[in-house]
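Participant: Input file: data.tsv. Contents: TSV, C-alpha atoms.
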```tsv
chain	number	residue	atom	x	y	z
M	139	MET	CA	0.00	0.00	0.00
M	140	ILE	CA	2.83	2.36	0.90
M	141	ARG	CA	4.49	1.65	-2.44
M	142	LEU	CA	1.30	2.39	-4.32
M	143	ARG	CA	0.91	5.71	-2.52
M	144	SER	CA	4.49	6.63	-3.38
M	145	LEU	CA	3.88	5.70	-7.00
M	146	PHE	CA	0.74	7.82	-7.17
M	147	ARG	CA	2.73	10.77	-5.84
M	148	VAL	CA	5.53	10.34	-8.38
M	149	LEU	CA	3.30	9.82	-11.41
M	150	PRO	CA	1.96	13.42	-11.55
M	151	ILE	CA	5.50	14.75	-11.33
M	152	LEU	CA	6.62	12.49	-14.14
M	153	ALA	CA	3.58	13.47	-16.19
M	154	VAL	CA	4.30	17.18	-15.73
M	155	GLY	CA	7.94	16.64	-16.68
M	156	ALA	CA	6.98	14.71	-19.80
M	157	PHE	CA	4.47	17.38	-20.76
M	158	LEU	CA	6.96	20.20	-20.36
M	159	ALA	CA	9.60	18.29	-22.31
M	160	SER	CA	7.21	17.61	-25.18
M	161	CYS	CA	5.71	21.10	-25.36
M	162	GLY	CA	9.02	22.82	-26.17
M	163	ILE	CA	9.77	24.71	-22.98
M	164	ASN	CA	13.51	24.06	-23.48
M	165	THR	CA	13.56	24.68	-27.21
M	166	ILE	CA	14.22	28.41	-27.13
M	167	PRO	CA	17.21	28.38	-24.74
M	168	THR	CA	18.63	25.34	-26.54
M	169	ARG	CA	18.47	27.03	-29.93
M	170	ASP	CA	19.74	30.28	-28.45
M	171	GLU	CA	22.87	28.44	-27.30
M	172	GLN	CA	23.26	26.91	-30.76
M	173	VAL	CA	23.20	30.38	-32.31
M	174	LYS	CA	25.83	31.59	-29.84
M	175	ALA	CA	28.05	28.59	-30.59
M	176	ALA	CA	27.75	29.22	-34.34
M	177	TRP	CA	28.54	32.90	-33.75
M	178	GLY	CA	31.68	31.88	-31.87
M	179	ASN	CA	32.80	29.83	-34.88
M	180	VAL	CA	32.29	32.84	-37.15
M	181	GLN	CA	34.44	35.00	-34.88
M	182	ASN	CA	37.17	32.35	-34.78
M	183	GLN	CA	37.41	32.21	-38.57
M	184	TYR	CA	37.50	35.98	-38.93
M	185	GLN	CA	40.23	36.12	-36.29
M	186	ARG	CA	42.19	33.48	-38.20
M	187	ARG	CA	42.01	35.68	-41.29
M	188	ALA	CA	43.11	38.75	-39.35
M	189	ASP	CA	46.13	36.83	-38.02
M	190	LEU	CA	47.24	35.94	-41.57
M	191	ILE	CA	47.11	39.47	-42.94
M	192	PRO	CA	50.29	41.00	-41.39
M	193	ASN	CA	52.53	38.31	-42.90
M	194	LEU	CA	50.69	38.54	-46.21
M	195	VAL	CA	51.12	42.32	-46.36
M	196	ALA	CA	54.81	42.03	-45.44
M	197	THR	CA	55.40	39.45	-48.18
M	198	VAL	CA	53.64	41.51	-50.85
M	199	LYS	CA	55.48	44.64	-49.73
M	200	GLY	CA	58.80	42.90	-50.30
M	201	TYR	CA	57.96	42.52	-53.99
M	202	ALA	CA	55.55	45.37	-54.63
M	203	ALA	CA	56.38	48.20	-52.24
M	204	GLN	CA	55.10	50.69	-54.83
M	205	GLU	CA	51.55	49.39	-54.28
M	206	LYS	CA	51.42	51.59	-51.22
M	207	ASP	CA	47.74	52.53	-51.51
M	208	VAL	CA	46.55	48.92	-51.47
M	209	LEU	CA	48.94	47.88	-48.69
M	210	THR	CA	47.81	50.82	-46.56
M	211	ALA	CA	44.14	50.12	-47.26
M	212	VAL	CA	44.49	46.48	-46.17
M	213	THR	CA	46.31	47.44	-42.97
M	214	GLU	CA	43.73	50.09	-42.10
M	215	ALA	CA	40.80	47.80	-42.92
M	216	ARG	CA	42.25	45.06	-40.70
M	217	ALA	CA	42.67	47.56	-37.86
M	218	SER	CA	39.08	48.74	-38.24
M	219	ALA	CA	37.72	45.18	-38.33
M	220	THR	CA	39.63	44.08	-35.24
M	221	GLN	CA	38.63	47.21	-33.29
M	222	VAL	CA	34.92	46.44	-33.54
M	223	GLN	CA	33.98	45.05	-30.13
M	224	VAL	CA	31.68	42.03	-30.34
M	225	ASP	CA	30.24	39.55	-27.87
M	226	ALA	CA	27.17	37.34	-27.53
M	227	SER	CA	24.90	40.39	-27.30
M	228	THR	CA	26.02	41.59	-30.75
M	229	ILE	CA	23.88	38.98	-32.50
M	230	THR	CA	20.66	40.56	-31.20
M	231	ASP	CA	21.76	44.19	-31.70
M	232	PRO	CA	21.07	45.24	-35.32
M	233	ALA	CA	23.34	48.31	-35.19
M	234	LYS	CA	26.34	46.51	-33.69
M	235	PHE	CA	25.88	43.52	-35.97
M	236	ALA	CA	25.71	45.76	-39.04
M	237	GLN	CA	28.89	47.52	-37.92
M	238	PHE	CA	30.69	44.20	-37.54
M	239	GLN	CA	29.57	42.91	-40.92
M	240	ALA	CA	30.42	46.18	-42.68
M	241	ALA	CA	33.95	46.12	-41.25
M	242	GLN	CA	34.50	42.51	-42.31
M	243	ASP	CA	33.03	43.08	-45.78
M	244	ASN	CA	35.29	46.09	-46.25
M	245	LEU	CA	38.30	43.98	-45.30
M	246	SER	CA	37.21	41.30	-47.76
M	247	GLY	CA	37.08	43.90	-50.52
M	248	VAL	CA	40.56	45.32	-49.97
M	249	LEU	CA	41.99	41.81	-49.53
M	250	GLY	CA	40.67	41.02	-52.99
M	251	ARG	CA	42.59	44.01	-54.35
M	252	LEU	CA	45.72	42.85	-52.55
M	253	MET	CA	45.52	39.37	-54.02
M	254	MET	CA	45.09	40.73	-57.55
M	255	ILE	CA	48.44	42.50	-57.28
M	256	GLN	CA	50.19	39.18	-57.87
M	257	GLU	CA	49.21	39.32	-61.55
M	258	ARG	CA	51.53	42.28	-62.01
M	259	TYR	CA	54.54	40.71	-60.30
M	260	PRO	CA	55.62	37.26	-61.55
M	261	ASP	CA	58.27	36.94	-58.84
M	262	LEU	CA	55.64	37.47	-56.15
M	263	LYS	CA	53.26	35.08	-57.87
M	264	SER	CA	55.83	32.29	-57.63
M	265	ASN	CA	57.17	33.11	-54.15
M	266	THR	CA	56.88	30.08	-51.85
M	267	ASN	CA	55.90	32.09	-48.78
M	268	PHE	CA	53.26	34.03	-50.72
M	269	LEU	CA	51.80	30.83	-52.19
M	270	ALA	CA	51.56	29.30	-48.70
M	271	LEU	CA	49.85	32.39	-47.30
M	272	GLN	CA	47.54	32.53	-50.30
M	273	SER	CA	46.52	28.91	-49.73
M	274	GLN	CA	45.88	29.56	-46.03
M	275	LEU	CA	43.83	32.65	-46.83
M	276	GLU	CA	41.74	30.79	-49.40
M	277	GLY	CA	41.10	28.01	-46.89
M	278	THR	CA	40.11	30.56	-44.27
M	279	GLU	CA	37.74	32.33	-46.65
M	280	ASN	CA	36.07	28.98	-47.33
M	281	ARG	CA	35.74	28.35	-43.59
M	282	ILE	CA	34.25	31.82	-43.13
M	283	THR	CA	31.64	31.05	-45.78
M	284	VAL	CA	30.76	27.74	-44.15
M	285	SER	CA	30.61	29.18	-40.64
M	286	ARG	CA	28.43	32.08	-41.79
M	287	ASN	CA	26.05	29.67	-43.51
M	288	ASP	CA	25.90	27.50	-40.37
M	289	TYR	CA	25.27	30.60	-38.27
M	290	ASN	CA	22.49	31.82	-40.57
M	291	GLU	CA	20.80	28.43	-40.40
M	292	ALA	CA	20.98	28.43	-36.58
M	293	VAL	CA	19.51	31.96	-36.60
M	294	ARG	CA	16.69	30.90	-38.90
M	295	VAL	CA	15.74	27.98	-36.65
M	296	TYR	CA	15.99	30.08	-33.48
M	297	ASN	CA	14.02	33.04	-34.86
M	298	THR	CA	11.33	30.67	-36.11
M	299	SER	CA	11.00	29.28	-32.59
M	300	LEU	CA	10.21	32.76	-31.30
M	301	ARG	CA	7.28	33.09	-33.69
M	302	THR	CA	5.69	29.66	-34.10
M	303	PHE	CA	3.46	27.49	-31.95
M	304	PRO	CA	3.97	26.06	-29.38
M	305	THR	CA	7.31	27.72	-28.61
M	306	VAL	CA	5.87	31.19	-29.14
M	307	ILE	CA	3.94	30.63	-25.89
M	308	TRP	CA	7.20	30.35	-23.98
M	309	ALA	CA	8.71	33.24	-25.98
M	310	LYS	CA	5.89	35.48	-24.74
M	311	THR	CA	6.02	34.27	-21.15
M	312	LEU	CA	9.14	32.64	-19.69
M	313	TYR	CA	11.52	33.97	-22.35
M	314	GLY	CA	10.06	37.39	-22.98
M	315	SER	CA	13.53	38.99	-22.93
M	316	GLN	CA	14.78	36.88	-25.85
M	317	LYS	CA	15.34	38.90	-29.02
M	318	PRO	CA	15.62	37.70	-32.63
M	319	ALA	CA	19.19	37.11	-33.79
M	320	GLN	CA	20.63	39.00	-36.75
M	321	PRO	CA	21.65	37.00	-39.85
M	322	PHE	CA	24.49	37.81	-42.22
M	323	THR	CA	23.38	39.33	-45.51
M	324	ALA	CA	25.17	39.61	-48.83
M	325	ALA	CA	27.32	42.72	-49.18
M	326	ALA	CA	26.07	45.33	-51.63
M	327	SER	CA	29.24	44.80	-53.71
M	328	ALA	CA	28.30	41.15	-54.14
M	329	GLN	CA	25.45	42.18	-56.41
M	330	THR	CA	27.83	43.51	-59.07
M	331	ALA	CA	30.63	41.50	-60.65
M	332	PRO	CA	33.93	43.42	-60.47
M	333	THR	CA	35.67	44.43	-63.69
M	334	VAL	CA	39.43	43.99	-63.49
M	335	SER	CA	41.88	44.82	-66.25
M	336	PHE	CA	45.67	44.95	-66.17
M	337	ASP	CA	45.94	46.01	-69.80
M	338	ALA	CA	47.97	49.16	-70.42
M	339	PRO	CA	46.07	52.00	-72.15
M	340	PRO	CA	46.85	52.30	-75.89
M	341	ALA	CA	49.62	54.78	-76.74
M	342	PRO	CA	48.61	57.80	-78.86
M	343	ALA	CA	49.70	57.89	-82.51
M	344	ALA	CA	53.10	59.52	-83.00
M	345	ASN	CA	51.88	61.96	-85.67
M	346	ALA	CA	48.63	62.93	-83.97
M	347	ALA	CA	48.33	66.58	-83.05
M	348	PRO	CA	47.62	67.39	-79.39
M	349	GLY	CA	43.90	67.43	-78.73
M	350	SER	CA	43.00	66.09	-82.16
M	351	ALA	CA	40.61	63.19	-82.59
M	352	PRO	CA	42.07	59.86	-83.73
M	353	ALA	CA	41.87	59.16	-87.46
M	354	PRO	CA	39.02	56.86	-88.43
M	355	ALA	CA	39.87	53.29	-89.23
M	356	PRO	CA	40.15	52.59	-92.95
```
Starting from the file, give its structure as structure tokens.

Facilitator:
Amino acid sequence: MIRLRSLFRVLPILAVGAFLASCGINTIPTRDEQVKAAWGNVQNQYQRRADLIPNLVATVKGYAAQEKDVLTAVTEARASATQVQVDASTITDPAKFAQFQAAQDNLSGVLGRLMMIQERYPDLKSNTNFLALQSQLEGTENRITVSRNDYNEAVRVYNTSLRTFPTVIWAKTLYGSQKPAQPFTAAASAQTAPTVSFDAPPAPAANAAPGSAPAPAP
């Protein structure tokens, strides 16, 4: 009899626990932690890229010191990107998140200019140290793409939990302070394919008078 009474007391507790587990009460905090973990991976990959840049700039400078504007732009863009302070709260702050993404996108753009310099300098293009750094940078860029995609997927799942039944019930009650996370978006420059040309401009005709129009083709 005593055992039966104990069982009857435990059963309601077990039933409540099973109900809470099945109704999604833990879904929001679980997915919130998944977003934060994915965000940490994104930061790690961007930091890896930032760590490669000083050696890359130094190597390019050794062969193409005259490309001062590009070298300076890369150094300044790296400094700006690393000075943006981010933490777990950044992912729910649209302004801070936009600042972080803009800084990283700007660095991506000037890095692209730096890597194109190699086409002008065959010695640089074949330098062992440069090739190793180039390979590491390419690998890091791929990891950044993967980690951003993983982060965006975690954000999508988490944000959906805040708006759909039954988890929206907990979002409006127990987890009312939870805010939607910000996803990465494509940079504006990604909408337009860059035009790059290393061709020298055609030299003017030797007998052409200053300011005169070129003779028509026969």

Participant: Skip Ala217 (chain M) itself and residues of its chain fewer than 5 positions away, then list as a PyMOL selection string all residues within 12 Å of it, counting all atoms listed in the file.

Facilitator: chain M and resi 185+188-189+191-192+210-212+222-223+241-242+244-245

Participant: Between M:Ile163, M:Val208, M:Ile307, M:Val173, which residue has the minimum interatomic distance to Ala319 (chain M), considering only C-alpha atoms?

Facilitator: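 Going through M:Ile163, M:Val208, M:Ile307, M:Val173 one by one, the smallest distance to Ala319 (chain M) is for M:Val173.
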
Participant: Would you kindly return, as a PyMOL selection string, each protein, DNA or RNA residue with an atom no farther than 12 Å from any atom of Thr168 (chain M), considering all atoms listed in the file and excluding same-chain residues fewer than 3 positions away?

Facilitator: chain M and resi 162-165+171-175+292+295-296+299+305+313

Participant: Residues at most 9 Å from Thr278 (chain M), counting all atoms listed in the file, excluding those fewer than 2 positions away in the same chain, as a count of residues only?

Facilitator: 12

Participant: Pick out the closest residue to Met254 (chain M) from this set: M:Gln272, M:Arg301, M:Pro318, M:Ala203. Count only C-alpha atoms.

Facilitator: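 For Met254 (chain M), the nearest of the candidates is M:Gln272.
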
Participant: From the options M:Lys199, M:Ala325, M:Asp261, M:Pro232, which residue's atoms come nearest to Ser246 (chain M), counting only C-alpha atoms?

Facilitator: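 So, comparing all the options, the nearest one is M:Ala325.
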
Participant: Go ahead and compute the interatomic distance for CA of Ser264 (chain M) and CA of Gly277 (chain M), in Å to one decimal.

Facilitator: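 Spanning CA of Ser264 (chain M) to CA of Gly277 (chain M) is a straight-line distance of 18.7 Å.
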
Participant: Because some atoms of region 170-192 of chain M are absent here, can you restore N, CA and C atoms and send them as a CSV table (one decimal), keeping the file's coordinate frame?

Facilitator:
```csv
chain,number,residue,atom,x,y,z
M,170,ASP,N,19.0,29.1,-28.7
M,170,ASP,CA,19.7,30.3,-28.4
M,170,ASP,C,21.2,29.9,-28.3
M,171,GLU,N,21.5,28.9,-27.5
M,171,GLU,CA,22.9,28.4,-27.3
M,171,GLU,C,23.5,28.0,-28.6
M,172,GLN,N,22.7,27.3,-29.5
M,172,GLN,CA,23.3,26.9,-30.8
M,172,GLN,C,23.7,28.1,-31.6
M,173,VAL,N,22.9,29.2,-31.6
M,173,VAL,CA,23.2,30.4,-32.3
M,173,VAL,C,24.5,31.0,-31.8
M,174,LYS,N,24.6,31.0,-30.5
M,174,LYS,CA,25.8,31.6,-29.8
M,174,LYS,C,27.1,30.8,-30.2
M,175,ALA,N,26.9,29.5,-30.2
M,175,ALA,CA,28.0,28.6,-30.6
M,175,ALA,C,28.5,28.8,-32.0
M,176,ALA,N,27.5,29.0,-32.9
M,176,ALA,CA,27.8,29.2,-34.3
M,176,ALA,C,28.4,30.6,-34.5
M,177,TRP,N,28.0,31.6,-33.7
M,177,TRP,CA,28.5,32.9,-33.8
M,177,TRP,C,30.0,32.8,-33.3
M,178,GLY,N,30.3,32.0,-32.3
M,178,GLY,CA,31.7,31.9,-31.9
M,178,GLY,C,32.6,31.3,-33.0
M,179,ASN,N,32.0,30.4,-33.8
M,179,ASN,CA,32.8,29.8,-34.9
M,179,ASN,C,33.1,30.9,-35.9
M,180,VAL,N,32.1,31.7,-36.2
M,180,VAL,CA,32.3,32.8,-37.2
M,180,VAL,C,33.4,33.7,-36.7
M,181,GLN,N,33.4,34.1,-35.4
M,181,GLN,CA,34.4,35.0,-34.9
M,181,GLN,C,35.8,34.3,-35.0
M,182,ASN,N,35.9,33.1,-34.7
M,182,ASN,CA,37.2,32.4,-34.8
M,182,ASN,C,37.8,32.4,-36.2
M,183,GLN,N,36.9,32.2,-37.2
M,183,GLN,CA,37.4,32.2,-38.6
M,183,GLN,C,37.8,33.6,-39.0
M,184,TYR,N,37.1,34.6,-38.6
M,184,TYR,CA,37.5,36.0,-38.9
M,184,TYR,C,38.8,36.3,-38.2
M,185,GLN,N,39.0,35.9,-37.0
M,185,GLN,CA,40.2,36.1,-36.3
M,185,GLN,C,41.4,35.4,-37.0
M,186,ARG,N,41.2,34.2,-37.5
M,186,ARG,CA,42.2,33.5,-38.2
M,186,ARG,C,42.6,34.3,-39.4
M,187,ARG,N,41.7,34.9,-40.1
M,187,ARG,CA,42.0,35.7,-41.3
M,187,ARG,C,42.8,36.9,-40.9
M,188,ALA,N,42.4,37.6,-39.8
M,188,ALA,CA,43.1,38.8,-39.4
M,188,ALA,C,44.6,38.4,-39.0
M,189,ASP,N,44.8,37.2,-38.4
M,189,ASP,CA,46.1,36.8,-38.0
M,189,ASP,C,47.0,36.6,-39.2
M,190,LEU,N,46.4,36.2,-40.4
M,190,LEU,CA,47.2,35.9,-41.6
M,190,LEU,C,47.7,37.2,-42.3
M,191,ILE,N,46.9,38.3,-42.1
M,191,ILE,CA,47.1,39.5,-42.9
M,191,ILE,C,48.5,40.1,-42.8
M,192,PRO,N,49.0,40.3,-41.5
M,192,PRO,CA,50.3,41.0,-41.4
M,192,PRO,C,51.4,40.3,-42.2
```
